[in-house]
$ cat target.csv   # CSV, C-alpha atoms
chain,number,residue,atom,x,y,z
A,1438,MET,CA,75.7,126.6,95.7
A,1439,LYS,CA,76.4,126.9,92.0
A,1440,THR,CA,79.6,128.9,92.6
A,1441,GLU,CA,80.7,126.5,95.4
A,1442,GLY,CA,80.4,123.6,93.1
A,1443,LYS,CA,82.4,125.3,90.4
A,1444,ASN,CA,85.2,126.0,92.8
A,1445,LEU,CA,85.3,122.5,94.2
A,1446,LYS,CA,85.5,120.9,90.7
A,1447,ARG,CA,88.3,123.1,89.2
A,1448,ILE,CA,91.1,120.9,87.9
A,1449,ARG,CA,94.6,121.9,89.1
A,1450,ILE,CA,97.2,121.8,86.4
A,1451,ALA,CA,100.3,122.4,88.7
A,1452,PRO,CA,100.6,118.7,89.8
A,1453,PHE,CA,100.7,117.6,86.2
A,1454,ILE,CA,103.4,120.1,85.3
A,1455,THR,CA,105.4,119.1,88.4
A,1456,ILE,CA,105.2,115.4,87.5
A,1457,LEU,CA,106.2,116.1,83.9
A,1458,ILE,CA,109.2,118.1,84.9
A,1459,PHE,CA,110.5,115.3,87.3
A,1460,LEU,CA,109.6,112.7,84.7
A,1461,GLY,CA,111.8,114.6,82.3
A,1462,LEU,CA,114.7,114.7,84.9
A,1463,GLY,CA,114.3,111.0,85.4
A,1464,MET,CA,114.5,110.3,81.7
A,1465,VAL,CA,117.7,112.4,81.5
A,1466,GLY,CA,119.1,110.3,84.3
A,1467,ILE,CA,118.1,107.1,82.6
A,1468,MET,CA,119.7,108.2,79.3
A,1469,ALA,CA,122.9,109.0,81.2
A,1470,GLY,CA,123.0,105.4,82.5
A,1471,GLU,CA,122.2,106.2,86.1
A,1472,VAL,CA,119.9,103.2,86.4
A,1473,ARG,CA,122.8,100.8,86.1
A,1474,ARG,CA,124.8,102.7,88.7
A,1475,VAL,CA,121.9,102.7,91.1
A,1476,LEU,CA,121.5,98.9,90.7
A,1477,GLU,CA,125.2,98.3,91.2
A,1478,GLN,CA,125.0,100.2,94.5
A,1479,ALA,CA,121.7,98.8,95.7
A,1480,VAL,CA,122.7,95.1,95.3
A,1481,GLN,CA,125.7,95.5,97.5
A,1482,VAL,CA,125.5,95.6,101.3
A,1483,CYS,CA,126.8,99.0,102.2
A,1484,LEU,CA,128.4,98.2,105.6
A,1485,SER,CA,129.8,101.6,106.3
A,1486,CYS,CA,126.3,103.1,105.5
A,1487,ILE,CA,124.7,100.9,108.2
A,1488,GLY,CA,127.4,101.7,110.7
A,1489,ILE,CA,129.4,98.4,110.4
A,1490,GLY,CA,132.9,98.2,109.2
B,1467,MET,CA,103.3,98.6,100.9
B,1468,THR,CA,105.9,97.8,103.6
B,1469,LEU,CA,105.7,94.2,102.6
B,1470,LEU,CA,105.9,95.0,98.9
B,1471,VAL,CA,109.2,96.9,99.3
B,1472,ASN,CA,110.5,94.2,101.7
B,1473,GLY,CA,109.3,91.1,99.8
B,1474,SER,CA,112.5,89.1,99.6
B,1475,TRP,CA,112.3,86.4,102.4
B,1476,SER,CA,115.0,84.1,101.2
B,1477,PHE,CA,117.6,85.9,103.4
B,1478,PRO,CA,117.6,83.2,106.2
B,1479,TYR,CA,119.1,80.9,103.6
B,1480,THR,CA,121.2,83.2,101.5
B,1481,ARG,CA,122.3,85.2,104.6
B,1482,THR,CA,122.6,88.3,102.4
B,1483,ILE,CA,120.4,90.9,100.7
B,1484,TYR,CA,118.2,90.6,97.6
B,1485,GLN,CA,120.4,91.3,94.5
B,1486,GLY,CA,117.8,91.0,91.7
B,1487,PRO,CA,116.7,93.5,89.1
B,1488,LEU,CA,113.9,95.0,91.1
B,1489,LYS,CA,116.5,97.0,92.9
B,1490,VAL,CA,116.2,99.6,90.2
B,1491,VAL,CA,112.8,100.5,91.6
B,1492,CYS,CA,112.6,103.3,94.1
B,1493,SER,CA,111.2,102.6,97.5
B,1494,PRO,CA,108.6,105.4,98.1
B,1495,GLY,CA,109.3,105.4,101.9
B,1496,LEU,CA,112.6,105.4,103.9
B,1497,ASN,CA,113.6,101.7,103.5
B,1498,CYS,CA,117.3,100.8,103.7
B,1499,TYR,CA,118.4,98.9,100.6
B,1500,SER,CA,120.9,97.0,102.8
B,1501,CYS,CA,117.9,95.5,104.6
B,1502,PRO,CA,118.0,91.7,103.9
B,1503,ALA,CA,114.3,91.7,102.8
B,1504,ALA,CA,114.4,95.0,100.7
B,1505,THR,CA,113.5,94.6,97.0
B,1506,THR,CA,113.9,98.3,96.1
B,1507,TYR,CA,116.5,101.0,96.5
B,1508,CYS,CA,116.3,103.7,99.2
B,1509,PRO,CA,116.2,107.1,97.4
B,1510,ILE,CA,118.0,108.8,100.3
B,1511,GLY,CA,120.8,106.2,100.3
B,1512,SER,CA,121.1,106.2,96.5
B,1513,ILE,CA,121.2,110.0,96.2
B,1514,GLN,CA,124.0,110.1,98.7
B,1515,GLN,CA,125.9,107.4,96.9
B,1516,LEU,CA,125.6,109.4,93.6
B,1517,MET,CA,126.6,112.7,95.3
B,1518,ALA,CA,129.6,110.9,97.0
B,1519,GLY,CA,130.8,109.5,93.8
B,1520,ILE,CA,130.1,112.4,91.5
B,1521,ARG,CA,133.8,113.4,91.1
B,1522,ILE,CA,134.9,109.9,90.1
B,1523,ALA,CA,132.0,109.5,87.8
B,1524,LEU,CA,132.7,112.7,86.0
B,1525,GLU,CA,136.4,111.8,85.7
B,1526,ASN,CA,135.3,108.6,84.0
B,1527,GLY,CA,133.1,110.5,81.6
B,1528,GLN,CA,129.9,109.4,83.3
B,1529,ASN,CA,127.4,112.3,83.8
B,1530,PHE,CA,125.8,110.9,87.0
B,1531,PHE,CA,124.1,113.8,88.8
B,1532,GLY,CA,121.4,111.8,90.6
B,1533,LEU,CA,118.7,112.9,88.1
B,1534,TYR,CA,117.2,109.4,87.8
B,1535,VAL,CA,116.7,109.2,91.6
B,1536,ILE,CA,115.6,112.9,92.0
B,1537,GLY,CA,113.3,112.5,89.1
B,1538,THR,CA,111.7,109.4,90.6
B,1539,MET,CA,111.4,111.0,94.0
B,1540,GLY,CA,109.9,114.1,92.3
B,1541,VAL,CA,107.3,112.0,90.5
B,1542,LEU,CA,106.3,110.3,93.7
B,1543,GLY,CA,106.2,113.6,95.5
B,1544,GLY,CA,104.2,115.2,92.7
B,1545,VAL,CA,101.6,112.4,92.9
B,1546,PHE,CA,101.5,111.6,96.6
B,1547,GLY,CA,103.6,114.1,98.5
B,1548,ARG,CA,103.8,113.1,102.2
B,1549,LEU,CA,100.9,110.8,101.8
B,1550,ILE,CA,103.7,108.3,101.4
B,1551,CYS,CA,104.9,109.0,105.0
B,1552,GLY,CA,101.4,108.1,106.2
B,1553,TRP,CA,100.7,105.0,104.1
B,1554,ALA,CA,103.9,103.6,102.7
B,1555,CYS,CA,106.9,104.1,105.0
B,1556,PRO,CA,108.0,101.1,107.1
B,1557,PHE,CA,109.7,103.3,109.6
B,1558,GLY,CA,106.6,105.5,109.9
B,1559,LEU,CA,104.6,102.3,110.6
B,1560,ILE,CA,107.1,101.3,113.3
B,1561,GLN,CA,106.7,104.7,115.0
B,1562,GLU,CA,102.9,104.4,114.9
B,1563,LEU,CA,103.0,101.0,116.5
B,1564,LEU,CA,105.4,102.2,119.2
B,1565,HIS,CA,103.2,105.2,120.0
B,1566,LYS,CA,100.4,102.8,120.8
B,1567,ILE,CA,102.3,101.6,123.9
B,1568,PRO,CA,100.5,103.1,126.9
B,1569,SER,CA,102.5,105.9,128.5
B,1570,ARG,CA,102.4,109.6,129.2
B,1571,LYS,CA,102.4,111.4,125.9
B,1572,PHE,CA,104.3,114.6,125.0
B,1573,ARG,CA,104.1,117.2,122.2
B,1574,ILE,CA,107.0,117.9,119.9
B,1575,PRO,CA,108.0,121.6,119.7
B,1576,GLN,CA,107.3,122.9,116.2
B,1577,LYS,CA,110.7,124.5,115.8
B,1578,LEU,CA,112.3,121.0,115.7
B,1579,ASN,CA,110.4,120.3,112.5
B,1580,TYR,CA,113.0,122.4,110.6
B,1581,ILE,CA,116.0,120.1,111.5
B,1582,LYS,CA,115.0,117.7,108.7
B,1583,TYR,CA,115.5,120.4,106.1
B,1584,GLY,CA,119.1,121.0,107.3
B,1585,LEU,CA,119.7,117.2,107.3
B,1586,LEU,CA,118.4,117.0,103.7
B,1587,LEU,CA,120.6,119.9,102.5
B,1588,PHE,CA,123.8,119.1,104.4
B,1589,PHE,CA,123.8,115.4,105.2
B,1590,VAL,CA,122.2,114.1,102.0
B,1591,PHE,CA,123.5,116.6,99.4
B,1592,LEU,CA,126.3,119.0,100.4
B,1593,LEU,CA,128.5,117.0,102.8
B,1594,PRO,CA,128.7,113.8,100.6
B,1595,LEU,CA,129.5,116.1,97.7
B,1596,ALA,CA,132.0,118.4,99.3
B,1597,VAL,CA,133.9,116.3,101.9
B,1598,VAL,CA,135.9,113.7,100.0
B,1599,ASP,CA,138.8,111.4,100.7
B,1600,ASP,CA,142.1,111.2,98.9
B,1601,PHE,CA,140.5,109.3,96.1
B,1602,GLY,CA,137.8,111.8,95.6
B,1603,TYR,CA,135.0,109.8,97.1
B,1604,GLY,CA,132.7,111.2,99.8
B,1605,GLN,CA,130.8,109.6,102.6
B,1606,LEU,CA,127.1,108.8,103.1
B,1607,TRP,CA,126.7,111.2,106.0
B,1608,PHE,CA,123.0,110.6,106.8
B,1609,CYS,CA,123.2,106.8,106.4
B,1610,LYS,CA,126.4,106.5,108.3
B,1611,TYR,CA,125.9,108.9,111.2
B,1612,VAL,CA,122.1,109.4,111.6
B,1613,CYS,CA,119.7,107.0,110.0
B,1614,PRO,CA,118.0,104.9,112.7
B,1615,ALA,CA,116.0,103.1,110.0
B,1616,GLY,CA,119.2,101.7,108.5
B,1617,THR,CA,120.3,100.4,111.9
B,1618,LEU,CA,117.0,98.7,112.6
B,1619,GLU,CA,116.3,97.4,109.1
B,1620,ALA,CA,119.9,96.6,108.0
B,1621,GLY,CA,122.6,97.0,110.6
B,1622,ILE,CA,121.1,94.7,113.3
B,1623,PRO,CA,119.7,92.0,110.8
B,1624,MET,CA,123.0,91.8,109.0
B,1625,LEU,CA,124.9,91.3,112.3
B,1626,LEU,CA,122.5,88.5,113.1
B,1627,LEU,CA,122.8,86.9,109.6
B,1628,GLN,CA,126.6,87.3,109.5
B,1629,PRO,CA,127.9,87.1,113.1
B,1630,SER,CA,131.5,87.6,111.9
B,1631,LEU,CA,130.6,91.2,111.1
B,1632,ALA,CA,130.5,91.8,114.9
B,1633,GLN,CA,134.3,92.0,114.9
B,1634,THR,CA,134.1,95.1,112.7
B,1635,ILE,CA,131.6,97.2,114.7
B,1636,GLY,CA,132.9,100.3,116.4
B,1637,ILE,CA,131.9,103.7,117.6
B,1638,VAL,CA,129.9,104.5,114.5
B,1639,PHE,CA,127.6,101.6,115.1
B,1640,PHE,CA,127.2,102.4,118.8
B,1641,ASN,CA,126.4,106.0,117.9
B,1642,LYS,CA,123.7,104.8,115.5
B,1643,LEU,CA,122.4,102.3,118.0
B,1644,THR,CA,122.1,105.1,120.6
B,1645,ILE,CA,120.2,107.2,118.0
B,1646,LEU,CA,117.9,104.3,117.3
B,1647,ILE,CA,117.1,103.6,121.0
B,1648,GLY,CA,116.5,107.3,121.4
B,1649,PHE,CA,114.0,107.4,118.6
B,1650,ILE,CA,112.3,104.2,119.9
B,1651,ILE,CA,111.8,105.8,123.3
B,1652,TRP,CA,110.8,109.1,121.8
B,1653,SER,CA,108.2,107.3,119.5
B,1654,ILE,CA,106.6,105.8,122.6
B,1655,LEU,CA,106.3,109.2,124.2
B,1656,ALA,CA,105.5,111.4,121.2
B,1657,SER,CA,103.9,110.8,117.8
B,1658,ARG,CA,106.2,110.2,114.8
B,1659,PRO,CA,109.2,112.1,116.1
B,1660,PHE,CA,111.5,110.9,113.3
B,1661,CYS,CA,109.1,111.9,110.6
B,1662,ARG,CA,108.6,115.3,112.1
B,1663,THR,CA,112.1,116.2,113.0
B,1664,THR,CA,114.7,114.1,111.1
B,1665,CYS,CA,113.5,112.4,108.0
B,1666,PRO,CA,115.1,114.0,104.9
B,1667,LEU,CA,112.7,112.1,102.6
B,1668,GLY,CA,109.8,113.6,104.4
B,1669,ALA,CA,111.5,117.0,104.0
B,1670,PHE,CA,111.8,116.5,100.3
B,1671,TYR,CA,108.2,115.4,99.9
B,1672,SER,CA,107.0,118.3,102.0
B,1673,PHE,CA,108.1,120.7,99.1
B,1674,PHE,CA,105.1,119.3,97.2
B,1675,LYS,CA,102.6,120.3,99.8
B,1676,SER,CA,100.8,122.6,97.3
B,1677,LEU,CA,101.7,120.8,94.1
B,1678,LYS,CA,100.8,117.2,94.8
B,1679,LEU,CA,98.1,115.5,92.9
B,1680,ILE,CA,96.4,113.9,95.9
B,1681,LYS,CA,95.7,116.1,98.8
B,1682,LEU,CA,93.3,117.0,101.5
B,1683,ARG,CA,91.1,120.0,101.0
B,1684,TYR,CA,89.7,122.3,103.6
B,1685,ILE,CA,86.1,123.5,103.0
B,1686,GLU,CA,86.0,126.6,105.1
B,1687,GLU,CA,82.3,127.1,104.8
B,1688,ASN,CA,81.6,123.8,106.6
B,1689,CYS,CA,84.2,124.3,109.4
B,1690,THR,CA,82.8,125.0,112.9
B,1691,HIS,CA,86.3,125.5,114.3
B,1692,CYS,CA,85.6,122.7,116.9
B,1693,GLU,CA,89.3,121.8,116.6
B,1694,ALA,CA,88.5,118.1,116.6
B,1695,CYS,CA,91.1,117.7,113.7
B,1696,HIS,CA,93.8,119.0,116.0
B,1697,THR,CA,93.4,116.3,118.5
B,1698,VAL,CA,93.7,113.3,116.1
B,1699,CYS,CA,96.6,114.5,113.9
B,1700,PRO,CA,99.7,112.3,114.5
B,1701,MET,CA,101.9,115.1,113.0
B,1702,GLY,CA,100.6,117.9,115.2
B,1703,VAL,CA,98.9,119.7,112.2
B,1704,ARG,CA,96.1,122.2,113.0
B,1705,PHE,CA,94.3,121.5,109.7
B,1706,ASN,CA,91.7,124.2,109.8
B,1707,GLU,CA,94.4,126.8,110.5
B,1708,SER,CA,97.0,125.4,108.0
B,1709,PRO,CA,95.4,123.2,105.4
B,1710,GLU,CA,98.5,123.0,103.3
B,1711,ASP,CA,100.8,122.3,106.2
B,1712,ALA,CA,104.2,120.8,105.2
B,1713,GLU,CA,103.7,118.2,108.0
B,1714,CYS,CA,100.4,116.8,106.7
B,1715,ILE,CA,100.9,113.1,105.8
B,1716,SER,CA,97.3,112.7,104.5
B,1717,CYS,CA,96.7,109.9,106.9
B,1718,LEU,CA,93.0,110.9,106.7
B,1719,LYS,CA,92.4,110.6,110.4
B,1720,CYS,CA,91.1,114.2,110.5
B,1721,MET,CA,88.7,113.5,107.7
B,1722,ASP,CA,87.5,110.1,108.8
B,1723,LYS,CA,87.7,110.1,112.6
B,1724,ALA,CA,87.4,113.8,113.6
B,1725,CYS,CA,85.5,116.1,111.3
B,1726,LYS,CA,81.7,115.6,111.5
B,1727,PHE,CA,80.9,118.6,109.3
B,1728,ASN,CA,82.4,117.6,106.0
B,1729,ALA,CA,85.0,120.4,106.2
B,1730,ILE,CA,87.8,118.1,105.0
B,1731,THR,CA,87.7,116.1,101.8
B,1732,LEU,CA,90.2,114.2,99.7
B,1733,GLU,CA,90.9,115.5,96.1
B,1734,ILE,CA,92.8,114.4,93.1
B,1735,ALA,CA,94.0,117.3,90.9
B,1736,GLY,CA,91.3,119.4,92.4
B,1737,LEU,CA,88.5,116.9,91.9
B,1738,PRO,CA,87.0,115.6,95.2
B,1739,ILE,CA,86.9,111.9,95.5
B,1740,GLY,CA,85.5,109.2,97.9
B,1741,GLY,CA,84.8,109.8,101.5
B,1742,ARG,CA,81.7,111.8,102.4
B,1743,SER,CA,79.6,114.0,100.2
B,1744,ILE,CA,81.1,117.5,99.8
B,1745,THR,CA,77.7,119.1,99.9
B,1746,ARG,CA,77.6,122.0,102.2
B,1747,VAL,CA,76.6,121.3,105.8
B,1748,VAL,CA,75.0,124.0,107.8
B,1749,ALA,CA,76.8,124.3,111.1
B,1750,PRO,CA,74.7,124.3,114.2
B,1751,THR,CA,73.9,127.7,115.5
B,1752,GLU,CA,73.6,128.7,119.1
$ encode --input "target.csv" --output "structure tokens"
Amino acid sequence: MKTEGKNLKRIRIAPFITILIFLGLGMVGIMAGEVRRVLEQAVQVCLSCIGIG
Amino acid sequence: MTLLVNGSWSFPYTRTIYQGPLKVVCSPGLNCYSCPAATTYCPIGSIQQLMAGIRIALENGQNFFGLYVIGTMGVLGGVFGRLICGWACPFGLIQELLHKIPSRKFRIPQKLNYIKYGLLLFFVFLLPLAVVDDFGYGQLWFCKYVCPAGTLEAGIPMLLLQPSLAQTIGIVFFNKLTILIGFIIWSILASRPFCRTTCPLGAFYSFFKSLKLIKLRYIEENCTHCEACHTVCPMGVRFNESPEDAECISCLKCMDKACKFNAITLEIAGLPIGGRSITRVVAPTE
């Protein structure tokens, strides 16, 4: 039971590393000015995207 | 969550989509940003837009490689993985509701699950990037030719809000309408067919099956192999045989509704949380 409890309560580090990597990628994108580009696209109705026009 | 990402209800008066600053926020699920009620951007739509315009952006000295969108998707994937499919996707919810309609039910062959990875690679990344017009701009292949969520959430509502658009519809719209009707019928007959076979966002999140922060854990010592978890899973996962299955959407049905022996628990970064006690249960012996 002691061993089982130890295994069940081991903290996994991999998710934190993964999140940090993608957080870093996102920050690079923000610094490159992608947020503004995403906003410009998202506030327009993309008619061809939805099959119209 | 569906209401949160579709929280703009002024469209009956404005007759167009929400255009405020919240549109820099990523929708965790597949939610078309051309939907009149959408308050967030769709990551799959945005990444295609960025891929399609990458040449023009680079020519203008803008280093737009989609890192903001990929980074956001990755953070969501790293924390939740496909739990988002189970709890935060509007189109997933629609499929769940459709499947409640009484009818004969069918299984989905597992081989079809791989289609979504091809769609993610080719229709979301490679084709928008590689096939460009004379001006160097690509197309949004998944949105334009496949996405039934876009037709349902944006195409049809925009036609109702702006009837003049009806003059511009053509074969592309009818192709997408046929795909939508196909998925509606398929969703009645089988559980979550779009999530399992077609959704590129689900395909992306499935890469985090082992890396995600919040996940279900299989406690082999407690499992009696009664296979009760197989029967309740909406994604066709056999949890006791494949606890880190890419199709698991962490809907918790196996944990809450099926397993009576505490063989399935929820964990955050390896630490069990909530639900039942994880103490070992002695399986009944014959």
$ interface_residues --input "target.csv" --of "chain A" --to "chain B" --cutoff "7 Å" --atoms "all atoms listed in the file" --output "PyMOL selection string"
chain A and resi 1445-1449+1451-1452+1455-1456+1459-1460+1462-1467+1469+1471-1472+1475-1476+1479-1480+1482-1483+1485-1490
$ atom_distance --input "target.csv" --atom1 "CA of Leu1524 (chain B)" --atom2 "CA of Leu1593 (chain B)"
17.8 Å
$ residues_around --input "target.csv" --residues "His1565 (chain B)" --least-positions-apart "4" --cutoff "7 Å" --atoms "all atoms listed in the file" --output "PyMOL selection string"
chain B and resi 1561+1653-1657
$ residues_around --input "target.csv" --residues "Lys1723 (chain B)" --least-positions-apart "3" --cutoff "12 Å" --atoms "all atoms listed in the file" --output "list in words"
Ala1694, Cys1695, His1696, Thr1697, Val1698, Cys1699, Cys1717, Leu1718, Lys1719, Cys1720, Lys1726, Phe1727, Asn1728, Ile1730, Gly1741 and Arg1742 of chain B
$ write_last_selection --input "target.csv" --atoms "C-alpha atoms" --output "PDB file, in the frame of the given file"
ATOM      1  CA  ALA B1694      88.500 118.100 116.600  1.00  0.00           C
ATOM      2  CA  CYS B1695      91.100 117.700 113.700  1.00  0.00           C
ATOM      3  CA  HIS B1696      93.800 119.000 116.000  1.00  0.00           C
ATOM      4  CA  THR B1697      93.400 116.300 118.500  1.00  0.00           C
ATOM      5  CA  VAL B1698      93.700 113.300 116.100  1.00  0.00           C
ATOM      6  CA  CYS B1699      96.600 114.500 113.900  1.00  0.00           C
ATOM      7  CA  CYS B1717      96.700 109.900 106.900  1.00  0.00           C
ATOM      8  CA  LEU B1718      93.000 110.900 106.700  1.00  0.00           C
ATOM      9  CA  LYS B1719      92.400 110.600 110.400  1.00  0.00           C
ATOM     10  CA  CYS B1720      91.100 114.200 110.500  1.00  0.00           C
ATOM     11  CA  LYS B1726      81.700 115.600 111.500  1.00  0.00           C
ATOM     12  CA  PHE B1727      80.900 118.600 109.300  1.00  0.00           C
ATOM     13  CA  ASN B1728      82.400 117.600 106.000  1.00  0.00           C
ATOM     14  CA  ILE B1730      87.800 118.100 105.000  1.00  0.00           C
ATOM     15  CA  GLY B1741      84.800 109.800 101.500  1.00  0.00           C
ATOM     16  CA  ARG B1742      81.700 111.800 102.400  1.00  0.00           C
TER      17      ARG B1742
END
$ closest_residue --input "target.csv" --among "B:Leu1496, B:Ile1550, B:Phe1649, B:Ala1503" --to "Gly1473 (chain B)" --atoms "all atoms listed in the file"
B:Ala1503
$ build_atoms --input "target.csv" --residues "region 1586-1611 of chain B" --atoms "N, CA and C atoms" --output "PDB file, keeping the file's coordinate frame"
ATOM      1  N   LEU B1586     118.539 117.246 105.143  1.00  0.00           N
ATOM      2  CA  LEU B1586     118.400 117.000 103.700  1.00  0.00           C
ATOM      3  C   LEU B1586     119.465 117.757 102.914  1.00  0.00           C
ATOM      4  N   LEU B1587     119.625 119.029 103.244  1.00  0.00           N
ATOM      5  CA  LEU B1587     120.600 119.900 102.500  1.00  0.00           C
ATOM      6  C   LEU B1587     122.022 119.458 102.756  1.00  0.00           C
ATOM      7  N   PHE B1588     122.368 119.329 104.040  1.00  0.00           N
ATOM      8  CA  PHE B1588     123.800 119.100 104.400  1.00  0.00           C
ATOM      9  C   PHE B1588     124.158 117.616 104.348  1.00  0.00           C
ATOM     10  N   PHE B1589     123.411 116.777 105.044  1.00  0.00           N
ATOM     11  CA  PHE B1589     123.800 115.400 105.200  1.00  0.00           C
ATOM     12  C   PHE B1589     123.522 114.527 103.968  1.00  0.00           C
ATOM     13  N   VAL B1590     122.561 114.939 103.158  1.00  0.00           N
ATOM     14  CA  VAL B1590     122.200 114.100 102.000  1.00  0.00           C
ATOM     15  C   VAL B1590     122.893 114.684 100.717  1.00  0.00           C
ATOM     16  N   PHE B1591     122.981 116.011 100.592  1.00  0.00           N
ATOM     17  CA  PHE B1591     123.500 116.600  99.400  1.00  0.00           C
ATOM     18  C   PHE B1591     124.939 117.171  99.552  1.00  0.00           C
ATOM     19  N   LEU B1592     125.078 118.182 100.409  1.00  0.00           N
ATOM     20  CA  LEU B1592     126.300 119.000 100.400  1.00  0.00           C
ATOM     21  C   LEU B1592     127.516 118.238 100.991  1.00  0.00           C
ATOM     22  N   LEU B1593     127.370 117.615 102.160  1.00  0.00           N
ATOM     23  CA  LEU B1593     128.500 117.000 102.800  1.00  0.00           C
ATOM     24  C   LEU B1593     129.033 115.762 101.952  1.00  0.00           C
ATOM     25  N   PRO B1594     128.152 114.879 101.454  1.00  0.00           N
ATOM     26  CA  PRO B1594     128.700 113.800 100.600  1.00  0.00           C
ATOM     27  C   PRO B1594     129.356 114.324  99.342  1.00  0.00           C
ATOM     28  N   LEU B1595     128.904 115.486  98.884  1.00  0.00           N
ATOM     29  CA  LEU B1595     129.500 116.100  97.700  1.00  0.00           C
ATOM     30  C   LEU B1595     130.788 116.795  97.938  1.00  0.00           C
ATOM     31  N   ALA B1596     130.862 117.475  99.091  1.00  0.00           N
ATOM     32  CA  ALA B1596     132.000 118.400  99.300  1.00  0.00           C
ATOM     33  C   ALA B1596     133.138 117.749 100.118  1.00  0.00           C
ATOM     34  N   VAL B1597     132.838 116.872 101.064  1.00  0.00           N
ATOM     35  CA  VAL B1597     133.900 116.300 101.900  1.00  0.00           C
ATOM     36  C   VAL B1597     134.314 114.954 101.334  1.00  0.00           C
ATOM     37  N   VAL B1598     135.491 114.939 100.697  1.00  0.00           N
ATOM     38  CA  VAL B1598     135.900 113.700 100.000  1.00  0.00           C
ATOM     39  C   VAL B1598     137.281 113.246 100.510  1.00  0.00           C
ATOM     40  N   ASP B1599     137.545 111.958 100.307  1.00  0.00           N
ATOM     41  CA  ASP B1599     138.800 111.400 100.700  1.00  0.00           C
ATOM     42  C   ASP B1599     139.888 111.632  99.621  1.00  0.00           C
ATOM     43  N   ASP B1600     141.054 111.038  99.811  1.00  0.00           N
ATOM     44  CA  ASP B1600     142.100 111.200  98.900  1.00  0.00           C
ATOM     45  C   ASP B1600     141.812 110.758  97.453  1.00  0.00           C
ATOM     46  N   PHE B1601     140.868 109.814  97.379  1.00  0.00           N
ATOM     47  CA  PHE B1601     140.500 109.300  96.100  1.00  0.00           C
ATOM     48  C   PHE B1601     139.347 110.046  95.419  1.00  0.00           C
ATOM     49  N   GLY B1602     138.843 111.031  96.150  1.00  0.00           N
ATOM     50  CA  GLY B1602     137.800 111.800  95.600  1.00  0.00           C
ATOM     51  C   GLY B1602     136.375 111.309  95.887  1.00  0.00           C
ATOM     52  N   TYR B1603     136.313 110.358  96.835  1.00  0.00           N
ATOM     53  CA  TYR B1603     135.000 109.800  97.100  1.00  0.00           C
ATOM     54  C   TYR B1603     134.509 110.257  98.499  1.00  0.00           C
ATOM     55  N   GLY B1604     133.241 110.679  98.543  1.00  0.00           N
ATOM     56  CA  GLY B1604     132.700 111.200  99.800  1.00  0.00           C
ATOM     57  C   GLY B1604     132.031 110.111 100.624  1.00  0.00           C
ATOM     58  N   GLN B1605     131.424 110.520 101.730  1.00  0.00           N
ATOM     59  CA  GLN B1605     130.800 109.600 102.600  1.00  0.00           C
ATOM     60  C   GLN B1605     129.248 109.748 102.556  1.00  0.00           C
ATOM     61  N   LEU B1606     128.555 108.730 103.004  1.00  0.00           N
ATOM     62  CA  LEU B1606     127.100 108.800 103.100  1.00  0.00           C
ATOM     63  C   LEU B1606     126.736 109.290 104.483  1.00  0.00           C
ATOM     64  N   TRP B1607     126.747 110.601 104.642  1.00  0.00           N
ATOM     65  CA  TRP B1607     126.700 111.200 106.000  1.00  0.00           C
ATOM     66  C   TRP B1607     125.384 110.839 106.730  1.00  0.00           C
ATOM     67  N   PHE B1608     124.272 110.889 106.041  1.00  0.00           N
ATOM     68  CA  PHE B1608     123.000 110.600 106.800  1.00  0.00           C
ATOM     69  C   PHE B1608     122.938 109.134 107.126  1.00  0.00           C
ATOM     70  N   CYS B1609     123.245 108.266 106.165  1.00  0.00           N
ATOM     71  CA  CYS B1609     123.200 106.800 106.400  1.00  0.00           C
ATOM     72  C   CYS B1609     124.157 106.426 107.519  1.00  0.00           C
ATOM     73  N   LYS B1610     125.362 106.938 107.428  1.00  0.00           N
ATOM     74  CA  LYS B1610     126.400 106.500 108.300  1.00  0.00           C
ATOM     75  C   LYS B1610     126.309 107.031 109.741  1.00  0.00           C
ATOM     76  N   TYR B1611     125.868 108.290 109.850  1.00  0.00           N
ATOM     77  CA  TYR B1611     125.900 108.900 111.200  1.00  0.00           C
ATOM     78  C   TYR B1611     124.530 109.136 111.810  1.00  0.00           C
TER      79      TYR B1611
END
